[in-house]
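Source file: input.cif; contents: mmCIF, C-alpha atoms and all ligand atoms.
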data_input
loop_
_atom_site.group_PDB
_atom_site.id
_atom_site.type_symbol
_atom_site.label_atom_id
_atom_site.label_comp_id
_atom_site.auth_asym_id
_atom_site.auth_seq_id
_atom_site.Cartn_x
_atom_site.Cartn_y
_atom_site.Cartn_z
ATOM 1 C CA MET K 29 -6.608 31.975 -55.760
ATOM 2 C CA LEU K 30 -4.373 33.772 -53.268
ATOM 3 C CA TRP K 31 -7.421 34.692 -51.132
ATOM 4 C CA THR K 32 -8.650 31.100 -51.223
ATOM 5 C CA SER K 33 -5.253 29.867 -49.971
ATOM 6 C CA LEU K 34 -5.146 32.532 -47.255
ATOM 7 C CA THR K 35 -8.684 31.668 -46.144
ATOM 8 C CA LEU K 36 -7.727 27.991 -46.018
ATOM 9 C CA VAL K 37 -4.616 28.767 -43.938
ATOM 10 C CA PHE K 38 -6.732 30.900 -41.599
ATOM 11 C CA VAL K 39 -9.402 28.210 -41.176
ATOM 12 C CA VAL K 40 -6.814 25.470 -40.533
ATOM 13 C CA THR K 41 -4.905 27.659 -38.024
ATOM 14 C CA ALA K 42 -8.116 28.641 -36.211
ATOM 15 C CA GLY K 43 -9.070 24.961 -36.063
ATOM 16 C CA ILE K 44 -5.715 23.990 -34.535
ATOM 17 C CA VAL K 45 -5.867 26.821 -31.974
ATOM 18 C CA ALA K 46 -9.473 25.890 -31.047
ATOM 19 C CA ALA K 47 -8.471 22.221 -30.675
ATOM 20 C CA ILE K 48 -5.549 23.137 -28.376
ATOM 21 C CA PHE K 49 -7.777 25.288 -26.139
ATOM 22 C CA ALA K 50 -10.716 22.868 -26.211
ATOM 23 C CA ARG K 51 -8.673 19.847 -25.110
ATOM 24 C CA PRO K 52 -8.368 20.655 -21.395
ATOM 25 C CA VAL K 53 -12.035 21.725 -21.307
ATOM 26 C CA LEU K 54 -13.166 18.461 -22.916
ATOM 27 C CA ALA K 55 -10.853 16.451 -20.632
ATOM 28 C CA ALA K 56 -12.320 18.204 -17.549
ATOM 29 C CA ARG K 57 -15.833 17.401 -18.769
ATOM 30 C CA ARG K 58 -14.874 13.740 -19.252
ATOM 31 C CA ARG K 59 -13.501 13.626 -15.689
ATOM 32 C CA ARG K 60 -16.693 15.167 -14.272
ATOM 33 C CA ARG K 61 -18.860 12.604 -16.075
ATOM 34 C CA ALA K 62 -16.835 9.538 -14.989
ATOM 35 C CA ALA K 63 -18.592 7.087 -12.646
ATOM 36 C CA LEU K 64 -17.461 4.026 -10.701
ATOM 37 C CA SER K 65 -18.894 0.628 -11.640
ATOM 38 C CA PRO K 66 -21.180 -0.924 -8.961
ATOM 39 C CA ASP K 67 -18.335 -3.302 -8.055
ATOM 40 C CA GLN K 68 -15.826 -0.457 -7.689
ATOM 41 C CA ALA K 69 -18.329 1.559 -5.620
ATOM 42 C CA ARG K 70 -18.775 -1.397 -3.230
ATOM 43 C CA ARG K 71 -15.024 -1.816 -2.838
ATOM 44 C CA LEU K 72 -14.284 1.853 -2.218
ATOM 45 C CA ALA K 73 -15.152 1.454 1.503
ATOM 46 C CA ASP K 74 -12.247 -0.991 1.967
ATOM 47 C CA ALA K 75 -9.876 1.163 -0.077
ATOM 48 C CA VAL K 76 -10.154 4.294 2.089
ATOM 49 C CA PRO K 77 -9.448 4.148 5.857
ATOM 50 C CA LEU K 78 -11.607 7.209 6.635
ATOM 51 C CA TYR K 79 -14.620 5.947 4.671
ATOM 52 C CA PRO K 80 -16.699 4.781 7.690
ATOM 53 C CA ARG K 81 -16.371 8.250 9.218
ATOM 54 C CA LEU K 82 -17.578 10.154 6.146
ATOM 55 C CA PRO K 83 -21.178 11.357 5.861
ATOM 56 C CA THR K 84 -23.201 10.078 2.889
ATOM 57 C CA ALA K 85 -22.728 13.225 0.800
ATOM 58 C CA ALA K 86 -18.935 13.041 1.198
ATOM 59 C CA ARG K 87 -18.963 9.308 0.305
ATOM 60 C CA GLU K 88 -20.882 10.062 -2.882
ATOM 61 C CA ARG K 89 -18.538 12.881 -3.771
ATOM 62 C CA LEU K 90 -15.525 10.659 -3.048
ATOM 63 C CA ALA K 91 -16.923 8.022 -5.435
ATOM 64 C CA ARG K 92 -17.309 10.604 -8.220
ATOM 65 C CA ARG K 93 -13.846 12.067 -7.675
ATOM 66 C CA THR K 94 -12.280 8.583 -7.523
ATOM 67 C CA ALA K 95 -13.888 7.709 -10.856
ATOM 68 C CA ALA K 96 -12.589 10.963 -12.354
ATOM 69 C CA PHE K 97 -9.085 10.233 -11.037
ATOM 70 C CA LEU K 98 -9.113 6.708 -12.503
ATOM 71 C CA SER K 99 -10.407 8.013 -15.846
ATOM 72 C CA HIS K 100 -7.306 10.075 -16.567
ATOM 73 C CA ILE K 101 -4.343 8.571 -14.683
ATOM 74 C CA ARG K 102 -2.359 5.583 -15.912
ATOM 75 C CA PHE K 103 -1.019 3.029 -13.419
ATOM 76 C CA VAL K 104 2.267 1.256 -14.087
ATOM 77 C CA GLY K 105 3.498 -1.742 -12.085
ATOM 78 C CA CYS K 106 7.284 -1.751 -11.480
ATOM 79 C CA ASP K 107 9.695 -4.525 -10.423
ATOM 80 C CA GLY K 108 7.245 -7.239 -11.449
ATOM 81 C CA ILE K 109 4.174 -6.041 -9.513
ATOM 82 C CA GLU K 110 0.836 -6.473 -11.326
ATOM 83 C CA ILE K 111 -1.605 -3.600 -10.890
ATOM 84 C CA ASP K 112 -5.074 -4.749 -9.823
ATOM 85 C CA GLU K 113 -8.342 -3.022 -8.968
ATOM 86 C CA THR K 114 -7.580 -3.045 -5.214
ATOM 87 C CA MET K 115 -4.413 -1.035 -5.834
ATOM 88 C CA ARG K 116 -6.060 1.413 -8.239
ATOM 89 C CA LEU K 117 -8.936 2.070 -5.830
ATOM 90 C CA ALA K 118 -6.642 2.388 -2.799
ATOM 91 C CA VAL K 119 -4.499 5.030 -4.508
ATOM 92 C CA ALA K 120 -7.335 6.910 -6.219
ATOM 93 C CA GLY K 121 -9.692 6.823 -3.207
ATOM 94 C CA GLN K 122 -7.104 8.051 -0.720
ATOM 95 C CA ALA K 123 -5.703 10.719 -3.049
ATOM 96 C CA CYS K 124 -9.229 12.006 -3.657
ATOM 97 C CA LEU K 125 -9.810 12.497 0.096
ATOM 98 C CA LEU K 126 -7.740 15.626 -0.567
ATOM 99 C CA CYS K 127 -10.096 16.905 -3.292
ATOM 100 C CA LEU K 128 -13.601 16.782 -1.861
ATOM 101 C CA ARG K 129 -13.943 20.580 -1.947
ATOM 102 C CA ASP K 130 -16.695 22.092 -4.028
ATOM 103 C CA GLY K 131 -15.533 22.312 -7.630
ATOM 104 C CA ALA K 132 -12.130 20.682 -6.936
ATOM 105 C CA ASP K 133 -10.528 18.850 -9.831
ATOM 106 C CA VAL K 134 -8.570 15.619 -9.316
ATOM 107 C CA PHE K 135 -4.917 16.414 -10.018
ATOM 108 C CA PRO K 136 -5.391 17.036 -13.789
ATOM 109 C CA TRP K 137 -1.615 17.486 -14.208
ATOM 110 C CA VAL K 138 -0.791 13.968 -12.881
ATOM 111 C CA ARG K 139 -0.495 11.519 -15.771
ATOM 112 C CA GLU K 140 1.076 8.423 -14.328
ATOM 113 C CA ILE K 141 1.447 6.490 -11.053
ATOM 114 C CA LEU K 142 4.268 4.004 -10.714
ATOM 115 C CA ILE K 143 3.809 1.337 -8.033
ATOM 116 C CA TYR K 144 6.718 -0.690 -6.647
ATOM 117 C CA PRO K 145 6.184 -3.755 -4.424
ATOM 118 C CA ASP K 146 8.269 -2.253 -1.600
ATOM 119 C CA ALA K 147 10.263 0.849 -0.719
ATOM 120 C CA PHE K 148 12.535 1.768 -3.651
ATOM 121 C CA TRP K 149 15.952 3.353 -4.004
ATOM 122 C CA VAL K 150 16.321 6.722 -5.660
ATOM 123 C CA HIS K 151 19.421 8.702 -6.420
ATOM 124 C CA HIS K 152 18.772 12.281 -7.600
ATOM 125 C CA GLU K 153 21.865 13.521 -9.323
ATOM 126 C CA ALA K 154 19.624 16.226 -10.821
ATOM 127 C CA PRO K 155 17.583 18.434 -8.414
ATOM 128 C CA ASP K 156 14.326 16.800 -7.208
ATOM 129 C CA GLU K 157 10.943 18.481 -6.586
ATOM 130 C CA LEU K 158 12.366 20.528 -3.732
ATOM 131 C CA GLY K 159 15.564 21.379 -5.623
ATOM 132 C CA LEU K 160 17.608 18.870 -3.588
ATOM 133 C CA VAL K 161 20.406 16.700 -4.948
ATOM 134 C CA ASP K 162 21.326 13.387 -3.245
ATOM 135 C CA ASP K 163 24.897 12.547 -2.211
ATOM 136 C CA GLU K 164 23.799 8.948 -1.610
ATOM 137 C CA PRO K 165 20.884 6.838 -2.891
ATOM 138 C CA ARG K 166 17.851 7.012 -0.530
ATOM 139 C CA LEU K 167 15.223 4.350 0.272
ATOM 140 C CA LEU K 168 11.728 5.852 -0.187
ATOM 141 C CA ALA K 169 8.106 4.756 0.283
ATOM 142 C CA GLY K 170 6.871 7.383 -2.153
ATOM 143 C CA GLU K 171 7.947 10.276 -4.247
ATOM 144 C CA ALA K 172 6.068 13.094 -5.991
ATOM 145 C CA TRP K 173 7.523 14.451 -9.185
ATOM 146 C CA ASP K 174 6.236 17.677 -10.565
ATOM 147 C CA GLU K 175 6.320 16.381 -14.145
ATOM 148 C CA GLY K 176 3.054 14.575 -13.532
ATOM 149 C CA ARG K 177 4.373 11.321 -12.129
ATOM 150 C CA VAL K 178 3.971 9.890 -8.614
ATOM 151 C CA ILE K 179 5.902 6.838 -7.388
ATOM 152 C CA LEU K 180 4.521 4.712 -4.526
ATOM 153 C CA SER K 181 5.373 1.539 -2.615
ATOM 154 C CA TRP K 182 2.515 -0.984 -2.349
ATOM 155 C CA SER K 183 3.733 -2.397 0.990
ATOM 156 C CA ASP K 184 3.506 1.108 2.496
ATOM 157 C CA ILE K 185 0.042 1.664 1.014
ATOM 158 C CA SER K 186 -1.080 -1.667 2.543
ATOM 159 C CA GLU K 187 0.216 -0.607 5.956
ATOM 160 C CA ALA K 188 -1.825 2.611 5.768
ATOM 161 C CA LEU K 189 -4.940 0.563 4.914
ATOM 162 C CA ALA K 190 -4.222 -1.590 7.987
ATOM 163 C CA GLY K 191 -4.169 1.521 10.211
ATOM 164 C CA ALA K 192 -0.481 2.543 10.351
ATOM 165 C CA ASP K 193 0.356 6.129 11.369
ATOM 166 C CA HIS K 194 1.777 6.848 7.906
ATOM 167 C CA ASN K 195 -0.132 7.228 4.661
ATOM 168 C CA VAL K 196 2.181 7.479 1.679
ATOM 169 C CA VAL K 197 -0.622 8.241 -0.803
ATOM 170 C CA VAL K 198 -1.920 11.180 1.232
ATOM 171 C CA HIS K 199 1.666 12.359 1.791
ATOM 172 C CA GLU K 200 2.604 12.397 -1.903
ATOM 173 C CA PHE K 201 -0.678 13.909 -3.075
ATOM 174 C CA ALA K 202 -0.422 16.656 -0.445
ATOM 175 C CA HIS K 203 2.883 17.498 -2.171
ATOM 176 C CA GLN K 204 0.987 17.589 -5.477
ATOM 177 C CA LEU K 205 -1.447 20.164 -4.031
ATOM 178 C CA ASP K 206 1.585 22.135 -2.876
ATOM 179 C CA PHE K 207 3.072 22.058 -6.419
ATOM 180 C CA ASP K 208 -0.234 23.392 -7.737
ATOM 181 C CA ALA K 209 0.115 26.538 -5.621
ATOM 182 C CA PRO K 210 2.993 28.514 -7.137
ATOM 183 C CA GLY K 211 4.565 31.098 -4.871
ATOM 184 C CA THR K 212 3.836 29.229 -1.619
ATOM 185 C CA VAL K 213 5.392 26.207 0.099
ATOM 186 C CA GLY K 214 3.521 24.053 2.601
ATOM 187 C CA ALA K 215 0.003 24.976 1.454
ATOM 188 C CA PRO K 216 -2.449 24.229 -1.347
ATOM 189 C CA ALA K 217 -3.877 26.996 -3.550
ATOM 190 C CA LEU K 218 -6.096 29.132 -1.279
ATOM 191 C CA ALA K 219 -7.997 32.374 -1.748
ATOM 192 C CA ASP K 220 -6.828 33.542 1.686
ATOM 193 C CA TYR K 221 -3.763 32.191 3.476
ATOM 194 C CA GLY K 222 -4.403 33.929 6.827
ATOM 195 C CA ASP K 223 -5.873 31.055 8.899
ATOM 196 C CA TRP K 224 -3.695 28.444 7.218
ATOM 197 C CA ALA K 225 -0.459 30.372 7.799
ATOM 198 C CA ALA K 226 -1.340 31.054 11.466
ATOM 199 C CA ALA K 227 -2.334 27.451 12.321
ATOM 200 C CA PHE K 228 0.420 25.772 10.303
ATOM 201 C CA GLY K 229 3.098 28.250 11.421
ATOM 202 C CA GLU K 230 2.243 27.701 15.086
ATOM 203 C CA ALA K 231 2.155 23.865 14.844
ATOM 204 C CA TYR K 232 5.339 23.763 12.707
ATOM 205 C CA GLU K 233 7.301 25.818 15.239
ATOM 206 C CA GLN K 234 5.919 23.654 18.054
ATOM 207 C CA LEU K 235 7.007 20.467 16.261
ATOM 208 C CA ARG K 236 10.513 21.859 15.741
ATOM 209 C CA ARG K 237 10.742 22.958 19.387
ATOM 210 C CA GLU K 238 9.203 20.100 21.331
ATOM 211 C CA GLY K 239 7.866 17.450 18.928
ATOM 212 C CA SER K 240 4.252 16.274 18.770
ATOM 213 C CA PRO K 241 2.336 13.232 20.042
ATOM 214 C CA VAL K 242 0.759 12.752 16.595
ATOM 215 C CA ILE K 243 2.684 14.588 13.843
ATOM 216 C CA ASP K 244 5.721 12.779 12.444
ATOM 217 C CA PRO K 245 9.032 14.512 13.350
ATOM 218 C CA TYR K 246 9.947 14.358 9.634
ATOM 219 C CA GLY K 247 7.586 17.341 9.255
ATOM 220 C CA ALA K 248 10.190 19.506 11.005
ATOM 221 C CA GLU K 249 12.395 19.228 7.862
ATOM 222 C CA ASN K 250 10.587 22.062 6.065
ATOM 223 C CA PRO K 251 7.040 23.479 5.588
ATOM 224 C CA ALA K 252 6.371 21.259 2.525
ATOM 225 C CA GLU K 253 7.034 18.077 4.527
ATOM 226 C CA PHE K 254 5.062 19.507 7.442
ATOM 227 C CA PHE K 255 1.964 19.930 5.252
ATOM 228 C CA ALA K 256 2.388 16.354 3.943
ATOM 229 C CA VAL K 257 2.750 14.711 7.400
ATOM 230 C CA ALA K 258 -0.059 16.872 8.883
ATOM 231 C CA ALA K 259 -2.363 15.617 6.096
ATOM 232 C CA GLU K 260 -1.288 12.023 6.901
ATOM 233 C CA ALA K 261 -2.134 12.564 10.590
ATOM 234 C CA PHE K 262 -5.525 14.038 9.636
ATOM 235 C CA VAL K 263 -6.407 10.888 7.684
ATOM 236 C CA GLN K 264 -4.794 8.214 9.886
ATOM 237 C CA ARG K 265 -5.220 9.717 13.384
ATOM 238 C CA PRO K 266 -7.927 12.402 13.217
ATOM 239 C CA ASP K 267 -8.979 12.062 16.875
ATOM 240 C CA GLU K 268 -5.450 12.518 18.180
ATOM 241 C CA LEU K 269 -4.745 15.384 15.770
ATOM 242 C CA ALA K 270 -7.931 17.197 16.830
ATOM 243 C CA ALA K 271 -6.998 16.738 20.515
ATOM 244 C CA ALA K 272 -3.322 17.723 20.250
ATOM 245 C CA HIS K 273 -3.536 20.440 17.550
ATOM 246 C CA PRO K 274 -7.155 21.676 17.422
ATOM 247 C CA ARG K 275 -6.366 24.781 15.358
ATOM 248 C CA LEU K 276 -4.392 22.844 12.745
ATOM 249 C CA TYR K 277 -7.102 20.171 12.636
ATOM 250 C CA ARG K 278 -9.798 22.813 12.084
ATOM 251 C CA VAL K 279 -7.951 24.494 9.203
ATOM 252 C CA LEU K 280 -7.431 21.115 7.500
ATOM 253 C CA ALA K 281 -11.055 20.075 8.124
ATOM 254 C CA ASP K 282 -12.307 23.348 6.618
ATOM 255 C CA TYR K 283 -10.076 23.004 3.563
ATOM 256 C CA LEU K 284 -10.833 19.302 2.978
ATOM 257 C CA THR K 285 -14.549 19.818 3.840
ATOM 258 C CA ILE K 286 -14.601 16.696 6.060
ATOM 259 C CA ASP K 287 -14.531 16.454 9.854
ATOM 260 C CA PRO K 288 -13.610 12.857 10.743
ATOM 261 C CA ALA K 289 -12.640 13.275 14.433
ATOM 262 C CA ARG K 290 -15.038 11.670 16.929
ATOM 263 C CA ARG K 291 -15.722 14.092 19.773
HETATM 264 ZN ZN ZN L 1 7.546 14.348 1.422
#
Kindly return the structure encoded in the file as structure tokens.
Ligand SMILES: [Zn+2]
Amino acid sequence: MLWTSLTLVFVVTAGIVAAIFARPVLAARRRRRAALSPDQARRLADAVPLYPRLPTAARERLARRTAAFLSHIRFVGCDGIEIDETMRLAVAGQACLLCLRDGADVFPWVREILIYPDAFWVHHEAPDELGLVDDEPRLLAGEAWDEGRVILSWSDISEALAGADHNVVVHEFAHQLDFDAPGTVGAPALADYGDWAAAFGEAYEQLRREGSPVIDPYGAENPAEFFAVAAEAFVQRPDELAAAHPRLYRVLADYLTIDPARR
């Protein structure tokens, strides 16, 4: 009787442990198998500013990654905004421009995206993702939290789609890649940081010293913001970035596995 109870306890415990370990594996498989509907696939071109400059293979990969992103992340409309398919595709498609690498997953730790109609006020009395505390409330277009939540302003996303210099989705998801690389700031997880550190270090110091014709001066705040605004410039102004900062452009193009500048 005792042995039967012990065996039962063992089987139940093993089952629970197996379920806990199997969950992320099964979730990753679900993400890999996700596909866009024909309607979503048609609309992806309008949802991603760089789309016309991507080769066919990258477009197909972007469609698969966008589907995977949409399969696991919940969208929440805030301040009365209703989430529609245009918004979901614009956020997912642009975020996934950052994960076209071979074998890249699509931000598995992000659970929820909150969209506000316009820029929103935040007041961090507790430390934010960079450990900063606000004295005063700040008006933001986007914010990346490391507990799996990203907050975005739809009016700023629309401006990026219309060709503005800024891209709040790319900015916030570059921060997410940064969070995923413990022990470094201003870089995603890389096997070798040599080229990245040299190109980013040089361009960061240059921005702090003399500014840049294409990189937002906000990037001079710290290396994390520099990575985020450099990624925005890569997506919104690839030609100018390649001309003004060829080394930085090349490192980003190699990492993202796309080369959108027209030369
Ligand atoms: Zn930022």
Which centre and edge lengths in Å to one decimal define the box along x, y and z that fits every listed atom of region 231-246 of chain K plus 3 Å per side, as AutoDock Vina command-line options?
--center_x 5.8 --center_y 19.3 --center_z 15.5 --size_x 16.0 --size_y 19.1 --size_z 17.7
Applying 9 Å and all atoms listed in the file, which residues near Leu125 (chain K) remain after dropping the ones on its own chain fewer than 2 positions away? List them as JSON, numbers by chain.
{"K": [76, 78, 90, 93, 94, 120, 121, 122, 123, 127, 128, 198, 263, 284, 286]}
Can you pull out every residue with an atom within 9 Å of ligand ZN 1 (chain L)? Use only C-alpha atoms and all ligand atoms and format it as an MDAnalysis selection string.
chainID K and resid 170:172 196 199:200 202:203 246:247 252:257
Tell me which residues come within 10 Å of (-12.0, 7.7, -12.3), as a PyMOL selection string, counting only C-alpha atoms in the file's coordinates.
chain K and resi 58-65+91-101+116-117+120-121+134
Given the PyMOL selection byres (((chain K and resi 277) around 10) and not hetatm) and the file above, list the residues it selects as a PyMOL selection string.
chain K and resi 227-228+258-259+261-262+266-276+278-283+287-289
Residues near Phe103 (chain K), anyone? I mean within 9 Å using all atoms listed in the file, not counting same-chain ones fewer than 6 positions away, as number ranges by chain.
K: 111, 116, 139-143
